[in-house]
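A.B. asks: What follows is model_18.txt, made up of compact mmCIF, C-alpha atoms and all ligand atoms:
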# COMPACT_ATOMS: atom_id res chain seq x y z
CA MET A 1 72.43 131.23 149.09
CA LYS A 2 75.09 132.70 151.38
CA LYS A 3 77.17 133.44 148.29
CA THR A 4 74.31 135.38 146.66
CA ILE A 5 73.82 137.50 149.76
CA LEU A 6 77.53 138.22 149.88
CA ILE A 7 77.54 139.32 146.25
CA ILE A 8 74.52 141.59 146.83
CA ILE A 9 76.24 143.17 149.83
CA LEU A 10 79.40 143.72 147.80
CA ILE A 11 77.44 145.36 145.00
CA LEU A 12 75.58 147.63 147.44
CA VAL A 13 78.83 148.70 149.12
CA SER A 14 80.54 149.53 145.84
CA VAL A 15 77.51 151.42 144.50
CA SER A 16 77.37 153.57 147.62
CA LEU A 17 81.11 154.24 147.46
CA VAL A 18 80.80 155.49 143.88
CA ALA A 19 77.75 157.59 144.77
CA CYS A 20 79.43 159.33 147.69
CA GLY A 21 82.60 159.95 145.78
CA GLY A 22 84.54 159.76 149.01
CA ALA A 23 87.53 161.95 149.71
CA ASP A 24 88.94 161.28 146.25
CA GLU A 25 86.35 163.33 144.41
CA GLN A 26 87.94 165.08 141.45
CA LYS A 27 88.39 168.82 141.97
CA VAL A 28 87.37 170.71 138.83
CA LEU A 29 87.81 174.36 137.84
CA HIS A 30 85.86 175.78 134.90
CA PHE A 31 87.84 178.16 132.70
CA TYR A 32 85.87 180.10 130.06
CA THR A 33 88.20 181.62 127.48
CA TRP A 34 89.03 182.39 123.83
CA SER A 35 90.05 179.63 121.43
CA GLU A 36 93.71 178.54 121.36
CA TYR A 37 94.52 180.91 124.18
CA ILE A 38 96.56 178.70 126.50
CA ASP A 39 99.27 176.10 126.08
CA PRO A 40 97.23 172.90 126.60
CA ASP A 41 100.20 171.25 128.40
CA LEU A 42 99.59 173.67 131.25
CA PHE A 43 96.33 171.91 132.13
CA ALA A 44 98.16 168.64 132.76
CA GLN A 45 100.96 170.40 134.60
CA PHE A 46 98.51 172.20 136.89
CA GLU A 47 96.58 169.01 137.58
CA GLU A 48 99.78 167.16 138.43
CA GLU A 49 100.81 169.89 140.86
CA THR A 50 97.45 170.55 142.51
CA GLY A 51 95.11 167.68 141.70
CA ILE A 52 92.72 170.20 140.14
CA GLN A 53 91.39 169.44 136.69
CA VAL A 54 90.71 172.48 134.51
CA VAL A 55 87.79 172.18 132.13
CA GLU A 56 88.01 174.67 129.30
CA ASP A 57 85.06 176.15 127.46
CA ILE A 58 85.41 178.54 124.53
CA PHE A 59 83.68 181.81 123.59
CA GLY A 60 84.21 183.79 120.38
CA SER A 61 83.73 187.37 121.49
CA ASN A 62 83.29 189.50 124.58
CA GLU A 63 79.64 189.93 123.65
CA ASP A 64 79.13 186.15 123.56
CA LEU A 65 80.74 185.80 126.98
CA TYR A 66 78.60 188.60 128.38
CA ALA A 67 75.37 187.25 126.87
CA LYS A 68 76.04 183.80 128.26
CA LEU A 69 76.57 185.09 131.80
CA VAL A 70 73.64 187.50 131.66
CA ALA A 71 71.44 184.62 130.50
CA GLY A 72 72.24 182.98 133.85
CA ALA A 73 75.02 180.51 133.01
CA THR A 74 76.58 179.32 136.25
CA GLY A 75 79.54 177.09 136.94
CA TYR A 76 82.26 179.16 135.30
CA ASP A 77 85.03 180.09 137.74
CA VAL A 78 87.61 182.07 135.76
CA ILE A 79 86.66 184.05 132.64
CA VAL A 80 88.81 186.11 130.24
CA PRO A 81 87.09 189.36 129.16
CA SER A 82 88.94 192.18 127.41
CA ASP A 83 89.45 195.67 128.83
CA TYR A 84 86.15 197.35 127.90
CA MET A 85 84.15 194.26 128.87
CA VAL A 86 85.83 194.18 132.29
CA ALA A 87 84.64 197.76 132.81
CA MET A 88 81.09 196.78 131.78
CA MET A 89 81.06 193.72 134.00
CA VAL A 90 82.41 195.65 136.99
CA GLU A 91 79.73 198.26 136.50
CA GLU A 92 77.08 195.55 136.41
CA ASP A 93 78.53 193.86 139.48
CA MET A 94 79.24 190.59 137.67
CA LEU A 95 82.81 190.05 138.95
CA ALA A 96 84.22 188.96 142.30
CA GLU A 97 86.83 191.04 144.09
CA LEU A 98 90.25 189.46 144.44
CA ASP A 99 92.08 189.03 147.72
CA HIS A 100 95.59 190.03 146.68
CA SER A 101 97.06 188.48 149.83
CA ARG A 102 96.25 185.07 148.33
CA LEU A 103 98.24 185.76 145.16
CA GLU A 104 101.94 185.23 145.79
CA ASN A 105 103.08 185.96 142.23
CA LEU A 106 101.42 189.35 141.76
CA GLY A 107 104.83 191.03 141.93
CA ASN A 108 105.74 189.35 138.62
CA LEU A 109 103.38 191.65 136.73
CA ASP A 110 104.70 194.62 134.79
CA PRO A 111 103.57 197.82 136.59
CA THR A 112 102.37 199.16 133.21
CA PHE A 113 99.47 196.72 133.53
CA THR A 114 98.72 196.68 137.24
CA ASN A 115 96.59 199.80 137.45
CA PRO A 116 94.47 199.62 134.30
CA PRO A 117 91.79 202.26 133.71
CA PHE A 118 89.14 199.55 133.27
CA ASP A 119 89.84 198.04 136.71
CA PRO A 120 91.95 200.40 138.83
CA GLY A 121 94.23 198.57 141.24
CA MET A 122 93.31 195.15 139.73
CA VAL A 123 90.49 194.92 142.24
CA HIS A 124 88.70 192.30 140.09
CA CYS A 125 91.05 190.95 137.44
CA LEU A 126 94.65 190.21 136.53
CA PRO A 127 96.07 190.94 133.08
CA TYR A 128 96.56 187.74 131.04
CA PHE A 129 97.78 188.66 127.55
CA TRP A 130 97.66 191.71 125.33
CA GLY A 131 97.85 192.14 121.61
CA THR A 132 96.58 193.97 118.54
CA THR A 133 94.01 193.52 115.79
CA GLY A 134 95.54 193.89 112.35
CA ILE A 135 95.77 192.19 108.97
CA GLY A 136 96.92 188.65 108.28
CA PHE A 137 98.19 188.05 104.75
CA ASN A 138 100.18 185.63 102.62
CA TRP A 139 103.54 186.73 101.15
CA ASN A 140 102.80 184.66 98.03
CA ASP A 141 100.33 187.42 97.09
CA TRP A 142 102.45 190.50 97.86
CA ASP A 143 105.78 192.17 97.08
CA GLU A 144 105.20 194.66 99.84
CA ALA A 145 103.11 194.00 102.95
CA PRO A 146 99.48 195.29 102.72
CA GLY A 147 100.01 198.02 105.27
CA SER A 148 96.63 199.73 105.01
CA TRP A 149 93.08 198.88 106.04
CA ALA A 150 92.17 199.96 102.50
CA TYR A 151 93.08 196.46 101.31
CA ILE A 152 90.06 195.23 103.23
CA PHE A 153 87.72 198.24 103.30
CA ASP A 154 88.17 199.73 99.83
CA PRO A 155 85.81 197.71 97.62
CA VAL A 156 88.07 198.10 94.58
CA LEU A 157 91.10 196.68 96.40
CA ALA A 158 89.09 194.05 98.27
CA ALA A 159 87.77 192.80 94.90
CA ASP A 160 91.26 191.42 94.17
CA PHE A 161 90.64 188.82 96.88
CA SER A 162 86.91 188.55 96.53
CA GLY A 163 85.55 185.70 98.63
CA GLN A 164 88.94 185.13 100.24
CA ILE A 165 88.89 187.68 103.05
CA SER A 166 87.69 186.99 106.58
CA MET A 167 86.81 189.42 109.31
CA LEU A 168 86.38 188.68 113.00
CA ASP A 169 82.90 187.68 114.11
CA ASP A 170 83.16 190.42 116.66
CA MET A 171 81.02 193.54 116.57
CA ARG A 172 83.36 195.89 118.41
CA GLU A 173 86.47 194.69 116.55
CA VAL A 174 84.89 195.01 113.09
CA PHE A 175 83.55 198.49 113.84
CA GLY A 176 86.83 199.39 115.55
CA SER A 177 88.94 198.70 112.47
CA ALA A 178 86.40 200.36 110.14
CA LEU A 179 86.24 203.48 112.32
CA ILE A 180 90.04 203.71 112.45
CA TYR A 181 90.18 203.43 108.64
CA LEU A 182 87.65 206.27 108.39
CA GLY A 183 89.80 208.39 110.71
CA TYR A 184 87.44 208.20 113.69
CA SER A 185 88.00 206.89 117.18
CA ALA A 186 87.88 203.07 117.46
CA GLY A 187 85.26 203.42 120.18
CA SER A 188 83.15 206.14 118.59
CA THR A 189 79.68 206.67 120.02
CA ASP A 190 78.62 209.07 117.28
CA GLU A 191 75.69 207.58 115.43
CA SER A 192 76.52 209.13 112.06
CA GLU A 193 80.12 207.86 112.26
CA LEU A 194 78.82 204.43 113.15
CA GLU A 195 76.34 204.51 110.24
CA GLU A 196 79.23 205.44 107.93
CA ALA A 197 81.27 202.52 109.25
CA LYS A 198 78.29 200.21 108.76
CA ASP A 199 77.94 201.31 105.11
CA LEU A 200 81.67 200.73 104.62
CA ILE A 201 81.42 197.19 105.97
CA ILE A 202 78.30 196.39 103.96
CA GLY A 203 80.12 197.74 100.90
CA ILE A 204 82.74 194.99 101.11
CA LYS A 205 80.59 192.25 102.59
CA ASP A 206 80.23 190.49 99.24
CA HIS A 207 84.00 190.08 99.15
CA LEU A 208 84.13 188.35 102.52
CA TYR A 209 84.52 184.64 102.95
CA SER A 210 82.99 184.90 106.43
CA PHE A 211 82.95 186.60 109.79
CA GLU A 212 85.00 184.14 111.81
CA SER A 213 86.96 184.36 115.07
CA ASP A 214 87.91 180.84 116.09
CA THR A 215 89.34 179.14 113.00
CA TYR A 216 90.25 181.99 110.64
CA GLU A 217 93.96 181.20 110.94
CA ASP A 218 93.22 177.64 109.76
CA LEU A 219 91.38 179.08 106.74
CA MET A 220 94.55 180.99 105.90
CA LEU A 221 96.60 177.81 106.21
CA THR A 222 94.35 175.85 103.87
CA GLY A 223 94.37 178.79 101.43
CA GLU A 224 90.61 179.24 101.60
CA THR A 225 91.31 182.82 102.65
CA ARG A 226 94.21 185.04 101.57
CA MET A 227 93.65 187.91 104.01
CA SER A 228 92.07 188.25 107.40
CA GLN A 229 91.31 190.84 109.98
CA GLY A 230 92.75 189.02 112.96
CA TRP A 231 94.51 188.93 116.28
CA SER A 232 98.30 189.10 116.22
CA GLY A 233 99.16 185.87 118.05
CA ASP A 234 96.70 183.67 116.15
CA ILE A 235 98.28 184.68 112.88
CA PHE A 236 101.82 184.22 114.19
CA VAL A 237 100.92 180.71 115.34
CA ALA A 238 99.75 180.01 111.76
CA GLN A 239 103.07 181.43 110.54
CA GLY A 240 104.75 178.67 112.56
CA GLU A 241 103.11 176.22 110.14
CA ASP A 242 103.50 178.29 106.98
CA GLU A 243 106.22 180.92 106.87
CA ASN A 244 104.46 182.82 104.06
CA ILE A 245 101.73 183.88 106.45
CA ASP A 246 102.39 187.18 108.16
CA TYR A 247 100.70 189.93 110.17
CA ILE A 248 100.82 193.70 109.92
CA ILE A 249 99.55 196.62 111.99
CA PRO A 250 98.19 198.96 109.27
CA GLN A 251 99.46 202.51 108.90
CA GLU A 252 96.10 204.04 109.93
CA GLY A 253 96.48 202.33 113.30
CA ALA A 254 94.82 199.41 115.03
CA VAL A 255 92.98 198.28 118.11
CA MET A 256 94.98 197.04 121.07
CA TRP A 257 93.42 195.06 123.85
CA VAL A 258 94.31 193.52 127.19
CA ASP A 259 92.55 190.29 128.11
CA ASN A 260 92.14 189.55 131.79
CA LEU A 261 91.68 186.71 134.24
CA CYS A 262 88.51 187.52 136.19
CA VAL A 263 86.40 185.56 138.65
CA THR A 264 82.64 185.16 138.48
CA LYS A 265 80.38 186.18 141.35
CA ASP A 266 79.06 182.67 141.23
CA ALA A 267 82.47 181.17 142.12
CA ALA A 268 82.93 183.72 144.90
CA GLU A 269 79.99 182.23 146.79
CA ASP A 270 81.86 178.98 147.34
CA PRO A 271 85.10 179.01 149.35
CA ASP A 272 86.17 175.66 147.85
CA ARG A 273 85.87 177.05 144.35
CA MET A 274 87.78 180.18 145.39
CA ASP A 275 90.61 178.02 146.75
CA MET A 276 90.99 176.50 143.29
CA VAL A 277 90.66 179.91 141.61
CA TYR A 278 93.55 181.42 143.59
CA GLN A 279 95.74 178.41 142.82
CA TRP A 280 94.95 178.71 139.11
CA LEU A 281 95.57 182.47 138.96
CA ASP A 282 98.83 182.18 140.86
CA PHE A 283 99.97 179.29 138.68
CA LEU A 284 99.34 181.28 135.49
CA ASN A 285 101.22 184.19 137.01
CA ARG A 286 104.32 182.17 137.78
CA ALA A 287 107.27 183.38 135.68
CA ASP A 288 108.03 179.97 134.14
CA VAL A 289 104.37 179.23 133.39
CA ALA A 290 103.68 182.67 131.88
CA ALA A 291 106.78 182.31 129.68
CA GLN A 292 105.76 178.84 128.51
CA ASN A 293 102.27 180.15 127.77
CA THR A 294 103.55 183.11 125.72
CA ASN A 295 105.89 180.83 123.79
CA TRP A 296 102.83 178.81 122.77
CA VAL A 297 100.22 181.54 122.05
CA TRP A 298 102.58 184.22 120.67
CA TYR A 299 100.80 187.03 122.48
CA ALA A 300 102.64 189.61 124.55
CA SER A 301 102.76 188.87 128.26
CA PRO A 302 102.12 191.46 130.97
CA ASN A 303 104.34 189.33 133.23
CA SER A 304 107.76 190.96 133.31
CA ALA A 305 109.34 188.18 135.37
CA ALA A 306 108.49 185.83 132.48
CA GLU A 307 110.67 187.71 130.01
CA ALA A 308 113.81 185.70 130.77
CA GLY A 309 111.98 182.57 129.60
CA ILE A 310 110.27 184.04 126.53
CA ASP A 311 111.64 183.09 123.14
CA PRO A 312 113.81 186.09 122.03
CA GLU A 313 112.18 185.88 118.60
CA ILE A 314 108.86 186.79 120.24
CA LEU A 315 110.32 189.49 122.49
CA ASN A 316 112.03 191.16 119.54
CA TYR A 317 109.08 190.89 117.16
CA PRO A 318 107.83 194.45 116.57
CA ALA A 319 104.28 193.37 115.72
CA ILE A 320 104.06 191.57 119.10
CA TYR A 321 105.97 194.03 121.25
CA PRO A 322 105.42 197.19 119.14
CA ASP A 323 107.97 200.00 119.06
CA ASP A 324 107.01 203.47 120.34
CA GLU A 325 106.03 204.75 116.92
CA THR A 326 103.65 201.83 116.30
CA PHE A 327 102.39 201.94 119.86
CA ALA A 328 101.31 205.55 119.34
CA ARG A 329 98.96 204.36 116.57
CA LEU A 330 97.13 201.85 118.78
CA GLN A 331 93.78 202.51 120.44
CA TYR A 332 91.65 200.70 123.02
CA LEU A 333 88.05 200.05 122.01
CA GLY A 334 86.83 201.57 125.28
CA THR A 335 83.36 201.42 126.77
CA VAL A 336 80.58 203.01 124.73
CA GLY A 337 77.77 203.09 127.31
CA ASP A 338 74.30 203.33 125.78
CA ALA A 339 75.78 203.39 122.28
CA THR A 340 76.14 199.61 122.66
CA GLU A 341 72.55 199.49 121.42
CA ILE A 342 73.47 201.38 118.26
CA TYR A 343 76.38 199.01 117.67
CA SER A 344 74.14 195.97 118.14
CA ARG A 345 71.46 197.33 115.82
CA LEU A 346 73.95 198.18 113.08
CA TRP A 347 75.78 194.86 113.52
CA THR A 348 72.48 193.02 113.04
CA GLU A 349 71.89 195.05 109.88
CA ILE A 350 75.34 194.06 108.61
CA LYS A 351 74.81 190.40 109.41
CA SER A 352 71.37 190.25 107.83
CA GLU A 353 72.24 192.29 104.72
C1 LIG B 1 93.06 184.03 120.81
C2 LIG B 1 92.13 185.18 120.83
C3 LIG B 1 92.74 186.45 121.28
C4 LIG B 1 91.77 187.24 122.05
N1 LIG B 1 92.65 183.07 119.90
C5 LIG B 1 91.51 188.58 121.55
N2 LIG B 1 90.95 189.40 122.55
Please go through the file and, once you have read it, give me the structure as structure tokens.
C.D. replies:
Amino acid sequence: MKKTILIIILILVSVSLVACGGADEQKVLHFYTWSEYIDPDLFAQFEEETGIQVVEDIFGSNEDLYAKLVAGATGYDVIVPSDYMVAMMVEEDMLAELDHSRLENLGNLDPTFTNPPFDPGMVHCLPYFWGTTGIGFNWNDWDEAPGSWAYIFDPVLAADFSGQISMLDDMREVFGSALIYLGYSAGSTDESELEEAKDLIIGIKDHLYSFESDTYEDLMLTGETRMSQGWSGDIFVAQGEDENIDYIIPQEGAVMWVDNLCVTKDAAEDPDRMDMVYQWLDFLNRADVAAQNTNWVWYASPNSAAEAGIDPEILNYPAIYPDDETFARLQYLGTVGDATEIYSRLWTEIKSE
């Protein structure tokens, strides 16, 4: 009898210990980002140094990220919107302000990126990576690189790879490239230009394998696709597995973007969450960490202190760190204000065609 009582007491004590969690409760930070956009070893390294576990969740486009937050998703601490989306989120008061005095490694950032037009003075966000949106291709199919958007947007040329071309599942990126090919601004708000771009995209839709943003580089590796509209680093990572895969910034020009580490308003309400946020941001901004991260993702880093640790092959790669002549052909997507509705309507038409 005594034994039974003892066992019951023991069970009750252990249950209550588990329920309370005690002082050992796992600290968790929620990071909402693009696919394959961080060296996964950095999660373990950060947890070892700080005891904070980072839980990663993936979105496929700025619009998906925005829709999720607007629909009321809570729990995300650090998110990674691009330039124009930062501007939209700031305008809609969706981002926390950063206390720069809590970020020791801010000085590592290249001054080119520390006063961006979409968030002057980095009041809300820190630059994470930047890159371009061009064409991925396979050298087995070409003697000369396909240096024009015509290889995707001209239906006669696209027919050569019918069913083997992918485009990003990303409204602004798809319109951006089409508008550049047509000679318009990548962030046009002119309805007739946007209609023309829509017709162009619908005109080649039958030749597309899919609109795909998360695994398109894998489709190139398996050979299911031979060409893709894609982001520089993703395609270079695929090149690491198959040297015939390559990336080009077309002659007509291309979109460039800066993705940023931003903090949700939701996190800002909780000082404990903000403690973790500042540790995470400062960790990612450390020179050795930023270098390791670039060496894994193959995107250009806005962290100049990291350069010493970045693989020289990456630093000297003109499609990653473009020369002045190429740079002059790059455009930001930019905010489009109310024209977002036109984009969404035309994008739906494209998707449902
Ligand atoms: C990485 C995606 C790059 C983000 N897979 C483009 N803004």
A.B. asks: Can you find the residues with an atom no farther than 12 Å from (99.6, 209.2, 118.7), counting all atoms listed in the file, and report them as a ChimeraX atom specification?
C.D. replies: /A:185,251-254,324-331
A.B. asks: From the list A:Asp311, A:Glu36, A:Asp141, A:Asp206, which residue is nearest ligand LIG 1 (chain B) when using all atoms listed in the file?
C.D. replies: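 Counting all atoms listed in the file, the residue closest to ligand LIG 1 (chain B) is A:Glu36.
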A.B. asks: Segment 105-168 of chain A near segment 247-250 of chain A within 8 Å: what's each residue's closest atom pair and its distance in Å to one decimal, counting only C-alpha atoms, ordered by chain then ascending residue number, as a tab-separated table?
C.D. replies:
residue	atom	partner	partner_atom	distance
A:Thr132	CA	A:Ile249	CA	7.7
A:Thr133	CA	A:Ile249	CA	7.4
A:Gly134	CA	A:Ile249	CA	4.9
A:Ile135	CA	A:Ile248	CA	5.4
A:Gly136	CA	A:Tyr247	CA	4.4
A:Phe137	CA	A:Tyr247	CA	6.3
A:Ala145	CA	A:Ile248	CA	7.3
A:Pro146	CA	A:Ile248	CA	7.5
A:Gly147	CA	A:Pro250	CA	4.5
A:Ser148	CA	A:Pro250	CA	4.6
A:Trp149	CA	A:Pro250	CA	6.0
A.B. asks: When you look at segment 81-95 of chain A with a cut-off of 6 Å (counting all atoms listed in the file), what residues show up, excluding the ones that are within fewer than 4 positions of it in the same chain? I need them as a list in words.
C.D. replies: Asn62, Phe118, Val258, Asp259, Asn260, Val263, Thr264, Lys265, Gly334 and Thr335 of chain A
A.B. asks: What do you get as a list in words if you pick all residues at most 7 Å from ligand LIG 1 (chain B), counting all atoms listed in the file?
C.D. replies: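 Using all atoms listed in the file, everything at most 7 Å from ligand LIG 1 (chain B) comes to Trp34, Ser35, Glu36, Tyr37, Ser82, Asp214, Trp231, Gly233, Asp234, Trp257 and Asp259 of chain A.
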A.B. asks: Hey, can you pull every residue with an atom no more than 7 Å from (80.7, 172.6, 133.6), using only C-alpha atoms, and send it as a PDB file with C-alpha atoms, in the frame of the given file?
C.D. replies:
ATOM      1  CA  HIS A  30      85.860 175.780 134.900  1.00  0.00           C
ATOM      2  CA  GLY A  75      79.540 177.090 136.940  1.00  0.00           C
ATOM      3  CA  TYR A  76      82.260 179.160 135.300  1.00  0.00           C
TER       4      TYR A  76
END
A.B. asks: Between atom CA of Asp143 of chain A and atom CA of Glu241 of chain A, what is the distance in Å, rounded to a tenth?
C.D. replies: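 According to the coordinates, atom CA of Asp143 of chain A and atom CA of Glu241 of chain A are separated by 20.8 Å.
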